[in-house]
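Reproduced below: input27.txt, with compact mmCIF, C-alpha atoms.
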```
# COMPACT_ATOMS: atom_id res chain seq x y z
CA MET A 15 56.56 113.28 107.49
CA LYS A 16 60.26 113.71 106.71
CA SER A 17 61.62 112.08 103.58
CA LEU A 18 64.39 109.49 103.81
CA ARG A 19 66.77 112.10 102.43
CA HIS A 20 66.25 114.21 105.55
CA ARG A 21 66.23 111.28 107.97
CA LEU A 22 69.42 109.59 106.79
CA PRO A 23 73.03 110.65 106.53
CA ALA A 24 74.75 110.33 103.15
CA LEU A 25 74.37 106.72 101.99
CA LYS A 26 78.03 106.72 101.00
CA SER A 27 78.98 107.17 104.64
CA LEU A 28 76.83 104.19 105.65
CA MET A 29 78.49 101.98 103.03
CA VAL A 30 81.91 103.07 104.30
CA PHE A 31 80.81 102.37 107.89
CA GLU A 32 79.61 98.89 106.91
CA ALA A 33 82.96 98.03 105.31
CA ALA A 34 84.97 99.47 108.17
CA GLY A 35 82.79 97.80 110.80
CA ARG A 36 83.01 94.43 109.05
CA THR A 37 86.78 94.48 108.51
CA LEU A 38 87.68 96.53 111.62
CA ASN A 39 90.49 97.91 109.50
CA PHE A 40 90.32 101.24 107.67
CA THR A 41 93.06 100.20 105.24
CA ARG A 42 91.26 97.04 104.14
CA ALA A 43 87.96 98.95 103.90
CA ALA A 44 89.68 101.51 101.65
CA GLN A 45 91.06 98.74 99.41
CA GLU A 46 87.63 97.09 99.17
CA LEU A 47 85.91 100.34 98.21
CA HIS A 48 88.78 101.52 95.97
CA VAL A 49 89.32 104.76 97.85
CA SER A 50 92.09 106.13 100.04
CA GLN A 51 92.36 105.46 103.77
CA ALA A 52 91.97 109.20 104.32
CA ALA A 53 88.62 109.06 102.51
CA ILE A 54 87.46 106.31 104.87
CA SER A 55 88.49 108.32 107.92
CA LYS A 56 86.75 111.41 106.52
CA GLN A 57 83.44 109.55 106.01
CA ILE A 58 83.57 107.95 109.46
CA LYS A 59 84.25 111.37 111.05
CA TYR A 60 81.30 112.86 109.13
CA LEU A 61 79.01 110.06 110.28
CA GLU A 62 80.09 110.35 113.92
CA GLU A 63 79.45 114.10 113.85
CA TYR A 64 76.05 113.53 112.21
CA LEU A 65 75.06 110.97 114.88
CA GLY A 66 76.66 112.72 117.83
CA PHE A 67 78.56 109.72 119.22
CA PRO A 68 81.72 107.74 118.39
CA LEU A 69 81.33 104.63 116.24
CA PHE A 70 84.81 103.25 116.82
CA GLU A 71 87.26 103.06 119.67
CA ARG A 72 90.86 103.63 118.61
CA HIS A 73 93.61 101.51 120.10
CA GLY A 74 96.68 102.73 118.31
CA ARG A 75 96.41 101.41 114.76
CA ARG A 76 93.68 98.99 115.78
CA VAL A 77 89.99 99.92 115.92
CA THR A 78 86.95 98.25 117.46
CA LEU A 79 83.29 99.17 117.30
CA SER A 80 81.93 101.14 120.21
CA SER A 81 78.87 99.80 122.02
CA ARG A 82 76.54 102.07 120.05
CA GLY A 83 78.58 101.45 116.92
CA GLU A 84 77.89 97.69 117.24
CA GLN A 85 74.17 98.32 117.53
CA LEU A 86 74.15 100.55 114.45
CA TYR A 87 76.39 98.20 112.46
CA ALA A 88 74.02 95.26 112.98
CA LYS A 89 71.12 97.17 111.42
CA VAL A 90 73.08 99.01 108.73
CA GLY A 91 74.74 95.79 107.59
CA ALA A 92 71.44 93.89 107.46
CA SER A 93 69.72 96.75 105.62
CA LEU A 94 72.40 97.14 102.96
CA TYR A 95 72.52 93.40 102.31
CA TYR A 96 68.72 93.39 102.04
CA LEU A 97 68.91 96.15 99.42
CA ALA A 98 71.66 94.29 97.56
CA ASP A 99 69.53 91.11 97.51
CA ALA A 100 66.56 93.07 96.15
CA VAL A 101 68.70 94.45 93.31
CA ASP A 102 70.13 90.98 92.56
CA GLU A 103 66.62 89.51 92.34
CA GLN A 104 65.53 92.12 89.82
CA VAL A 105 68.67 91.72 87.74
CA ALA A 106 68.15 87.94 87.76
CA SER A 107 64.54 88.38 86.60
CA VAL A 108 65.80 90.28 83.57
CA THR A 109 68.60 87.86 82.70
CA THR A 110 66.51 84.72 83.37
CA THR A 111 64.37 83.58 80.47
CA SER A 112 60.67 83.67 81.38
CA ILE A 113 58.06 81.77 79.36
CA THR A 114 54.31 81.96 79.98
CA VAL A 115 52.26 78.84 79.24
CA SER A 116 48.46 78.78 79.40
CA ALA A 117 46.07 75.83 79.70
CA ASN A 118 42.72 74.91 81.23
CA THR A 119 42.58 73.55 84.77
CA ALA A 120 42.44 69.88 83.77
CA VAL A 121 45.38 70.10 81.37
CA SER A 122 47.42 72.18 83.83
CA HIS A 123 46.81 69.84 86.74
CA TYR A 124 46.99 66.44 85.11
CA TRP A 125 49.27 66.83 82.08
CA LEU A 126 51.19 70.09 81.93
CA SER A 127 52.64 69.87 85.45
CA HIS A 128 54.17 66.46 84.65
CA ALA A 129 55.47 67.68 81.30
CA ILE A 130 57.13 70.74 82.87
CA ASN A 131 58.70 68.63 85.62
CA GLY A 132 60.09 66.35 82.92
CA PHE A 133 61.46 69.36 81.05
CA HIS A 134 63.29 70.64 84.13
CA ARG A 135 64.78 67.21 84.75
CA ALA A 136 65.96 66.97 81.16
CA TYR A 137 67.28 70.53 80.94
CA GLY A 138 68.22 71.30 84.54
CA ASN A 139 71.26 73.26 83.38
CA ARG A 140 69.10 75.93 81.74
CA VAL A 141 67.99 78.88 83.87
CA LEU A 142 64.37 79.09 82.79
CA ASN A 143 61.31 80.44 84.58
CA ILE A 144 58.08 78.81 83.35
CA ARG A 145 54.92 80.67 84.40
CA VAL A 146 51.57 78.87 84.04
CA ILE A 147 48.25 80.67 83.51
CA THR A 148 45.13 78.56 84.09
CA SER A 149 41.61 79.27 82.84
CA ASP A 150 38.64 77.25 81.61
CA ASN A 151 37.69 80.13 79.33
CA THR A 152 39.42 79.45 76.00
CA GLN A 153 39.76 83.13 75.15
CA ASP A 154 41.81 83.75 78.32
CA LEU A 155 44.44 81.29 77.11
CA PHE A 156 45.34 83.57 74.20
CA SER A 157 46.22 86.80 75.98
CA ASP A 158 49.14 88.86 74.69
CA GLU A 159 51.45 87.79 77.54
CA VAL A 160 51.19 84.08 76.66
CA ASN A 161 54.06 82.44 74.75
CA ILE A 162 52.62 78.92 74.49
CA ALA A 163 48.99 77.85 74.87
CA ILE A 164 47.45 74.42 75.21
CA ALA A 165 43.81 74.61 74.18
CA TYR A 166 40.88 72.33 73.42
CA GLU A 167 39.56 73.04 69.93
CA PRO A 168 40.39 76.77 69.96
CA GLY A 169 39.69 77.36 66.27
CA GLU A 170 42.04 79.23 63.97
CA ARG A 171 44.02 82.01 65.67
CA THR A 172 45.78 84.74 63.70
CA GLY A 173 49.39 85.07 64.78
CA TRP A 174 49.46 81.66 66.49
CA LYS A 175 51.16 78.57 65.10
CA MET A 176 49.03 75.50 65.87
CA LYS A 177 50.03 71.85 66.14
CA THR A 178 47.88 68.93 67.22
CA LEU A 179 48.96 67.83 70.69
CA PHE A 180 46.68 64.81 71.11
CA THR A 181 43.29 63.58 69.98
CA GLU A 182 40.48 63.49 72.52
CA GLU A 183 39.55 59.96 73.57
CA MET A 184 37.25 59.37 76.52
CA PHE A 185 36.60 56.14 78.40
CA PRO A 186 35.17 55.12 81.80
CA VAL A 187 37.54 55.05 84.79
CA ALA A 188 37.09 54.24 88.45
CA SER A 189 39.12 53.45 91.53
CA PRO A 190 40.21 49.86 92.24
CA GLU A 191 38.14 49.98 95.45
CA TYR A 192 34.96 50.89 93.60
CA LEU A 193 35.45 48.14 91.01
CA LYS A 194 36.10 45.59 93.72
CA ALA A 195 32.79 46.47 95.36
CA PHE A 196 30.86 47.03 92.10
CA PRO A 197 32.54 45.11 89.26
CA PHE A 198 31.67 45.93 85.70
CA ILE A 199 29.87 42.93 84.18
CA GLY A 200 28.56 42.91 80.64
CA ASP A 201 29.52 43.34 77.04
CA SER A 202 27.65 46.55 76.28
CA PRO A 203 28.31 50.20 77.21
CA ALA A 204 24.66 50.30 78.34
CA GLU A 205 25.81 48.35 81.41
CA PHE A 206 27.29 51.59 82.77
CA LEU A 207 23.76 52.89 83.26
CA ASN A 208 23.51 50.48 86.21
CA HIS A 209 26.48 52.07 87.99
CA ARG A 210 27.00 55.21 90.01
CA LEU A 211 28.03 57.76 87.41
CA LEU A 212 29.96 60.94 88.16
CA ASP A 213 29.74 63.89 85.77
CA PHE A 214 30.66 67.58 85.47
CA ASP A 215 28.99 70.77 84.31
CA ARG A 216 29.76 71.60 80.67
CA ILE A 217 31.28 75.08 80.57
CA GLU A 218 31.67 75.05 76.80
CA PRO A 219 29.27 73.30 74.37
CA ASN A 220 31.89 71.04 72.78
CA TRP A 221 32.80 69.32 76.07
CA ILE A 222 31.74 65.68 76.36
CA ASN A 223 29.69 64.34 79.28
CA TRP A 224 28.03 60.98 79.89
CA LYS A 225 24.97 61.83 77.78
CA VAL A 226 27.08 62.73 74.76
CA TRP A 227 29.31 59.70 75.33
CA PHE A 228 26.40 57.26 75.46
CA GLU A 229 24.78 58.76 72.38
CA ALA A 230 28.05 58.39 70.45
CA LEU A 231 27.85 54.65 71.21
CA SER A 232 24.15 54.47 70.25
CA VAL A 233 22.98 53.89 73.83
CA ASP A 234 19.53 55.16 74.77
CA THR A 235 20.01 57.75 77.53
CA GLU A 236 16.41 57.85 78.71
CA GLY A 237 17.38 55.93 81.85
CA LEU A 238 20.56 57.94 82.48
CA SER A 239 20.96 58.96 86.13
CA ILE A 240 23.94 60.94 87.41
CA SER A 241 24.83 60.19 91.04
CA SER A 242 27.03 63.26 91.57
CA ARG A 243 27.83 66.29 89.46
CA PHE A 244 30.86 68.57 89.84
CA ASN A 245 31.72 72.00 88.51
CA ASN A 246 35.26 71.18 87.42
CA TYR A 247 37.22 68.22 86.14
CA ILE A 248 39.73 68.08 89.02
CA MET A 249 36.98 67.64 91.62
CA LEU A 250 35.37 65.03 89.38
CA ILE A 251 38.55 62.94 89.09
CA ASP A 252 39.24 63.26 92.82
CA ALA A 253 35.75 61.91 93.57
CA ALA A 254 36.42 58.94 91.29
CA LYS A 255 39.75 58.30 93.04
CA ARG A 256 37.89 58.22 96.37
CA GLY A 257 35.64 55.45 95.06
CA GLN A 258 32.45 57.46 94.66
CA GLY A 259 31.66 56.07 91.20
CA ILE A 260 32.68 55.84 87.57
CA THR A 261 33.53 58.87 85.45
CA LEU A 262 34.87 59.58 81.99
CA GLY A 263 38.61 59.93 81.79
CA THR A 264 40.44 61.67 78.98
CA ARG A 265 43.38 59.81 77.50
CA HIS A 266 46.70 61.63 78.09
CA LEU A 267 45.22 63.89 80.79
CA ILE A 268 44.87 61.11 83.36
CA ASP A 269 47.69 58.82 82.22
CA SER A 270 49.59 59.44 85.47
CA LYS A 271 46.57 58.36 87.55
CA LEU A 272 46.33 55.17 85.52
CA GLN A 273 50.04 54.53 85.85
CA ASP A 274 50.11 54.87 89.64
CA GLY A 275 46.94 52.76 90.07
CA GLN A 276 44.75 55.47 91.61
CA LEU A 277 42.35 54.97 88.69
CA CYS A 278 41.74 52.09 86.33
CA ARG A 279 40.24 51.95 82.88
CA VAL A 280 37.01 50.01 83.37
CA SER A 281 36.55 48.56 79.88
CA ASP A 282 37.61 48.86 76.26
CA PHE A 283 34.60 51.06 75.42
CA SER A 284 35.74 54.52 74.39
CA VAL A 285 34.72 57.45 72.25
CA LEU A 286 36.96 59.37 69.89
CA SER A 287 35.28 62.75 69.70
CA GLY A 288 37.04 63.89 66.55
CA ARG A 289 38.29 66.91 68.48
CA ASN A 290 41.84 67.68 69.57
CA TYR A 291 43.95 69.42 72.14
CA TRP A 292 46.25 71.86 70.39
CA LEU A 293 49.71 73.17 71.20
CA VAL A 294 49.86 76.78 70.09
CA LEU A 295 52.87 79.10 69.75
CA ASN A 296 52.44 82.88 69.87
CA GLU A 297 54.32 84.11 66.80
CA THR A 298 53.61 87.76 67.59
CA LYS A 299 56.15 87.56 70.44
CA SER A 300 59.88 86.97 70.16
CA ILE A 301 60.46 83.20 69.97
CA THR A 302 63.63 82.54 71.93
CA GLU A 303 65.69 79.37 71.76
CA ASP A 304 64.33 78.35 75.19
CA CYS A 305 60.74 79.00 74.14
CA GLN A 306 61.17 76.85 71.02
CA LEU A 307 62.86 74.15 73.09
CA LEU A 308 59.94 74.03 75.52
CA PHE A 309 57.42 74.03 72.66
CA ASP A 310 59.19 71.08 71.04
CA TRP A 311 59.36 69.25 74.38
CA LEU A 312 55.64 69.66 74.98
CA GLU A 313 54.83 68.56 71.44
CA ASN A 314 56.72 65.29 71.90
CA TYR A 315 55.92 64.62 75.56
CA ASP A 316 54.01 61.36 76.10
CA ALA A 317 53.06 59.98 79.50
CA SER A 318 50.68 57.35 78.17
CA SER A 319 50.66 53.79 79.47
CA LEU A 320 47.11 52.67 80.06
CA HIS A 321 46.24 50.04 82.67
CA HIS A 322 43.07 47.97 82.97
CA CYS A 323 41.61 46.70 86.24
CA VAL A 324 40.20 43.20 86.40
```
Please render this file's structure as structure tokens.
Amino acid sequence: MKSLRHRLPALKSLMVFEAAGRTLNFTRAAQELHVSQAAISKQIKYLEEYLGFPLFERHGRRVTLSSRGEQLYAKVGASLYYLADAVDEQVASVTTTSITVSANTAVSHYWLSHAINGFHRAYGNRVLNIRVITSDNTQDLFSDEVNIAIAYEPGERTGWKMKTLFTEEMFPVASPEYLKAFPFIGDSPAEFLNHRLLDFDRIEPNWINWKVWFEALSVDTEGLSISSRFNNYIMLIDAAKRGQGITLGTRHLIDSKLQDGQLCRVSDFSVLSGRNYWLVLNETKSITEDCQLLFDWLENYDASSLHHCV
């Protein structure tokens, strides 16, 4: 198979042809390309000899594209502009600040997306590309490419500056439709044992499920029955929104769902686990002004405004 070098005429001649075909004036094409008019005529002559047909029709000092010249111009023009766009995109990717943020699926979906949208609204004049990496494996959140991580009890990390983002607090939530059909009645957390409870599989041992929650409130879990179990937190919350039962919501993560009324806090019973979500800055990488600005924004971002359903 022939290489492009052997299939194409000199690229310089194609660029000259594009300018001449677009302006239909060799003088203006010469001015645009900063060459002489004679140089334009020389390149067009070379290209016509290479192709074996005329590209322009001469009418005194005026020129027009020939029929075959019009066909070639349409494709040459489109191709050169495509190449120029490709170069512009790569140059922009170098000059645009890019920051990689990592978090687990629940944080990414329910908290981080809102925080990033708020950042863009507040600093819309800054050209900043924020890339999000999502994983429920804590170790994945601390890869070398990450600038900022949001992690649940990650432990001490060498080379990472850690700040408490928020304390874990968990309480029962359900949809308004579920609570209308099955109202919560009683003054003890044990009353939840009589409801349809939704839970998730614990991927890491320090995650809290219904059993751990009840035990923290000194409720005997011998009669605990889980109606439905899910393998990730997003599916769990979606099931609660659809009225399938009551689940445990994490303060801050589901604030937006409480605000828009898709979920309601069922009672004042809650458990403070003593654990935290941490905001972590990778100090082994260059910390740009934009990276520090985003870190500070995330540290101070608060979407909390809890609502109760009655």
Write out as a PyMOL selection string which residues come within 7 Å of segment 155-158 of chain A when counting all atoms listed in the file, dropping same-chain ones fewer than 5 positions away. chain A and resi 116-117+149+163
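Ranking A:Asn143, A:Gln276, A:Thr152, A:Asn131 by their shortest atom-to-atom distance to Tyr192 of chain A, with only C-alpha atoms included, puts A:Gln276 first.
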Do a neighbour search on segment 169-185 of chain A at 8 Å with all atoms listed in the file, toss out local chain neighbours closer than 2 positions, and write the hits as a list in words.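 Selected residues are Glu167, Val187, Leu262, Gly263, Thr264, Arg265, His266, Arg279, Val280, Ser281, Asp282, Phe283, Ser284, Val285, Leu286, Ser287, Gly288, Arg289, Asn290, Tyr291, Trp292, Leu293, Val294, Leu295, Asn296, Glu297, Thr298 and Glu313 of chain A.
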Expressed in Å to a single decimal, how great is the separation between atom CA of Ser80 of chain A and atom CA of Asn39 of chain A?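 Result for atom CA of Ser80 of chain A versus atom CA of Asn39 of chain A: 14.1 Å, one decimal.
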I'd like the neighbourhood of segment 47-64 of chain A as a ChimeraX atom specification, where a residue qualifies if any of its atoms comes within 7 Å (using only C-alpha atoms), though same-chain residues fewer than 5 positions away should be ignored. /A:27,30-31,40-41,69
Go ahead and find all residues with at least one atom no further than 9 Å from (38.7, 50.9, 89.4) in the file's coordinates, using only C-alpha atoms; report them as a list in words.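 Collected hits near the coordinates: Val187, Ala188, Ser189, Pro190, Glu191, Tyr192, Leu193, Lys194, Pro197, Ala254, Lys255, Gly257, Gly259, Ile260, Gly275, Gln276, Leu277, Cys278, Arg279, Val280, His322, Cys323 and Val324 of chain A.
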Export N, CA and C atoms of segment 19-58 of chain A from the structure just given, as a compact mmCIF listing (two decimals), in the first residue's frame?
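decode39.txt, written as the output of this step:
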```
# COMPACT_ATOMS: atom_id res chain seq x y z
N ARG A 19 2.64 10.03 1.34
CA ARG A 19 3.65 10.84 0.64
C ARG A 19 3.65 10.57 -0.85
N HIS A 20 3.38 9.31 -1.22
CA HIS A 20 3.39 8.95 -2.64
C HIS A 20 2.01 9.09 -3.27
N ARG A 21 0.99 9.26 -2.48
CA ARG A 21 -0.37 9.40 -3.02
C ARG A 21 -0.79 10.86 -3.19
N LEU A 22 -0.09 11.75 -2.48
CA LEU A 22 -0.50 13.16 -2.46
C LEU A 22 0.55 14.04 -3.11
N PRO A 23 0.09 15.13 -3.72
CA PRO A 23 1.04 16.15 -4.17
C PRO A 23 1.60 16.88 -2.95
N ALA A 24 2.50 17.80 -3.16
CA ALA A 24 3.06 18.57 -2.04
C ALA A 24 1.94 19.27 -1.29
N LEU A 25 1.91 19.13 0.04
CA LEU A 25 0.84 19.73 0.83
C LEU A 25 0.80 21.24 0.67
N LYS A 26 1.95 21.83 0.42
CA LYS A 26 2.00 23.28 0.21
C LYS A 26 1.12 23.68 -0.96
N SER A 27 1.14 22.87 -2.01
CA SER A 27 0.34 23.20 -3.20
C SER A 27 -1.15 23.09 -2.88
N LEU A 28 -1.54 22.17 -2.03
CA LEU A 28 -2.95 22.04 -1.65
C LEU A 28 -3.40 23.22 -0.81
N MET A 29 -2.53 23.72 0.07
CA MET A 29 -2.88 24.89 0.87
C MET A 29 -3.01 26.12 -0.02
N VAL A 30 -2.13 26.24 -1.01
CA VAL A 30 -2.24 27.35 -1.96
C VAL A 30 -3.53 27.23 -2.76
N PHE A 31 -3.86 26.03 -3.22
CA PHE A 31 -5.09 25.80 -3.97
C PHE A 31 -6.32 26.16 -3.14
N GLU A 32 -6.31 25.80 -1.86
CA GLU A 32 -7.45 26.12 -0.99
C GLU A 32 -7.65 27.63 -0.91
N ALA A 33 -6.56 28.37 -0.71
CA ALA A 33 -6.66 29.83 -0.59
C ALA A 33 -7.10 30.46 -1.91
N ALA A 34 -6.54 29.98 -2.99
CA ALA A 34 -6.91 30.53 -4.29
C ALA A 34 -8.35 30.18 -4.66
N GLY A 35 -8.76 28.95 -4.36
CA GLY A 35 -10.13 28.53 -4.66
C GLY A 35 -11.15 29.26 -3.81
N ARG A 36 -10.79 29.58 -2.58
CA ARG A 36 -11.71 30.29 -1.68
C ARG A 36 -11.85 31.75 -2.04
N THR A 37 -10.74 32.39 -2.40
CA THR A 37 -10.77 33.83 -2.71
C THR A 37 -11.05 34.10 -4.18
N LEU A 38 -10.76 33.09 -5.04
CA LEU A 38 -10.86 33.26 -6.50
C LEU A 38 -10.08 34.48 -6.95
N ASN A 39 -8.91 34.66 -6.30
CA ASN A 39 -8.07 35.81 -6.63
C ASN A 39 -6.65 35.47 -6.19
N PHE A 40 -5.74 35.32 -7.16
CA PHE A 40 -4.39 34.91 -6.84
C PHE A 40 -3.65 35.97 -6.01
N THR A 41 -3.99 37.24 -6.23
CA THR A 41 -3.33 38.30 -5.47
C THR A 41 -3.72 38.24 -4.00
N ARG A 42 -5.02 38.08 -3.73
CA ARG A 42 -5.46 38.00 -2.33
C ARG A 42 -4.93 36.73 -1.66
N ALA A 43 -4.88 35.62 -2.42
CA ALA A 43 -4.32 34.38 -1.87
C ALA A 43 -2.86 34.58 -1.50
N ALA A 44 -2.11 35.31 -2.34
CA ALA A 44 -0.70 35.56 -2.07
C ALA A 44 -0.54 36.41 -0.81
N GLN A 45 -1.41 37.43 -0.66
CA GLN A 45 -1.34 38.27 0.54
C GLN A 45 -1.66 37.47 1.80
N GLU A 46 -2.63 36.57 1.70
CA GLU A 46 -3.03 35.77 2.86
C GLU A 46 -1.92 34.83 3.29
N LEU A 47 -1.21 34.27 2.31
CA LEU A 47 -0.16 33.28 2.61
C LEU A 47 1.22 33.92 2.72
N HIS A 48 1.29 35.25 2.54
CA HIS A 48 2.54 35.99 2.66
C HIS A 48 3.59 35.49 1.66
N VAL A 49 3.15 35.32 0.44
CA VAL A 49 4.07 34.95 -0.65
C VAL A 49 3.76 35.85 -1.83
N SER A 50 4.52 35.72 -2.89
CA SER A 50 4.28 36.53 -4.08
C SER A 50 3.19 35.90 -4.94
N GLN A 51 2.60 36.71 -5.82
CA GLN A 51 1.58 36.18 -6.73
C GLN A 51 2.19 35.14 -7.67
N ALA A 52 3.46 35.37 -8.03
CA ALA A 52 4.15 34.41 -8.91
C ALA A 52 4.27 33.05 -8.22
N ALA A 53 4.49 33.06 -6.91
CA ALA A 53 4.60 31.80 -6.17
C ALA A 53 3.26 31.06 -6.17
N ILE A 54 2.16 31.80 -6.09
CA ILE A 54 0.84 31.17 -6.15
C ILE A 54 0.64 30.52 -7.51
N SER A 55 0.95 31.27 -8.57
CA SER A 55 0.77 30.74 -9.93
C SER A 55 1.64 29.51 -10.16
N LYS A 56 2.86 29.52 -9.59
CA LYS A 56 3.77 28.39 -9.75
C LYS A 56 3.22 27.14 -9.08
N GLN A 57 2.65 27.28 -7.87
CA GLN A 57 2.10 26.13 -7.16
C GLN A 57 0.84 25.59 -7.85
N ILE A 58 0.02 26.49 -8.37
CA ILE A 58 -1.19 26.04 -9.07
C ILE A 58 -0.81 25.29 -10.35
```
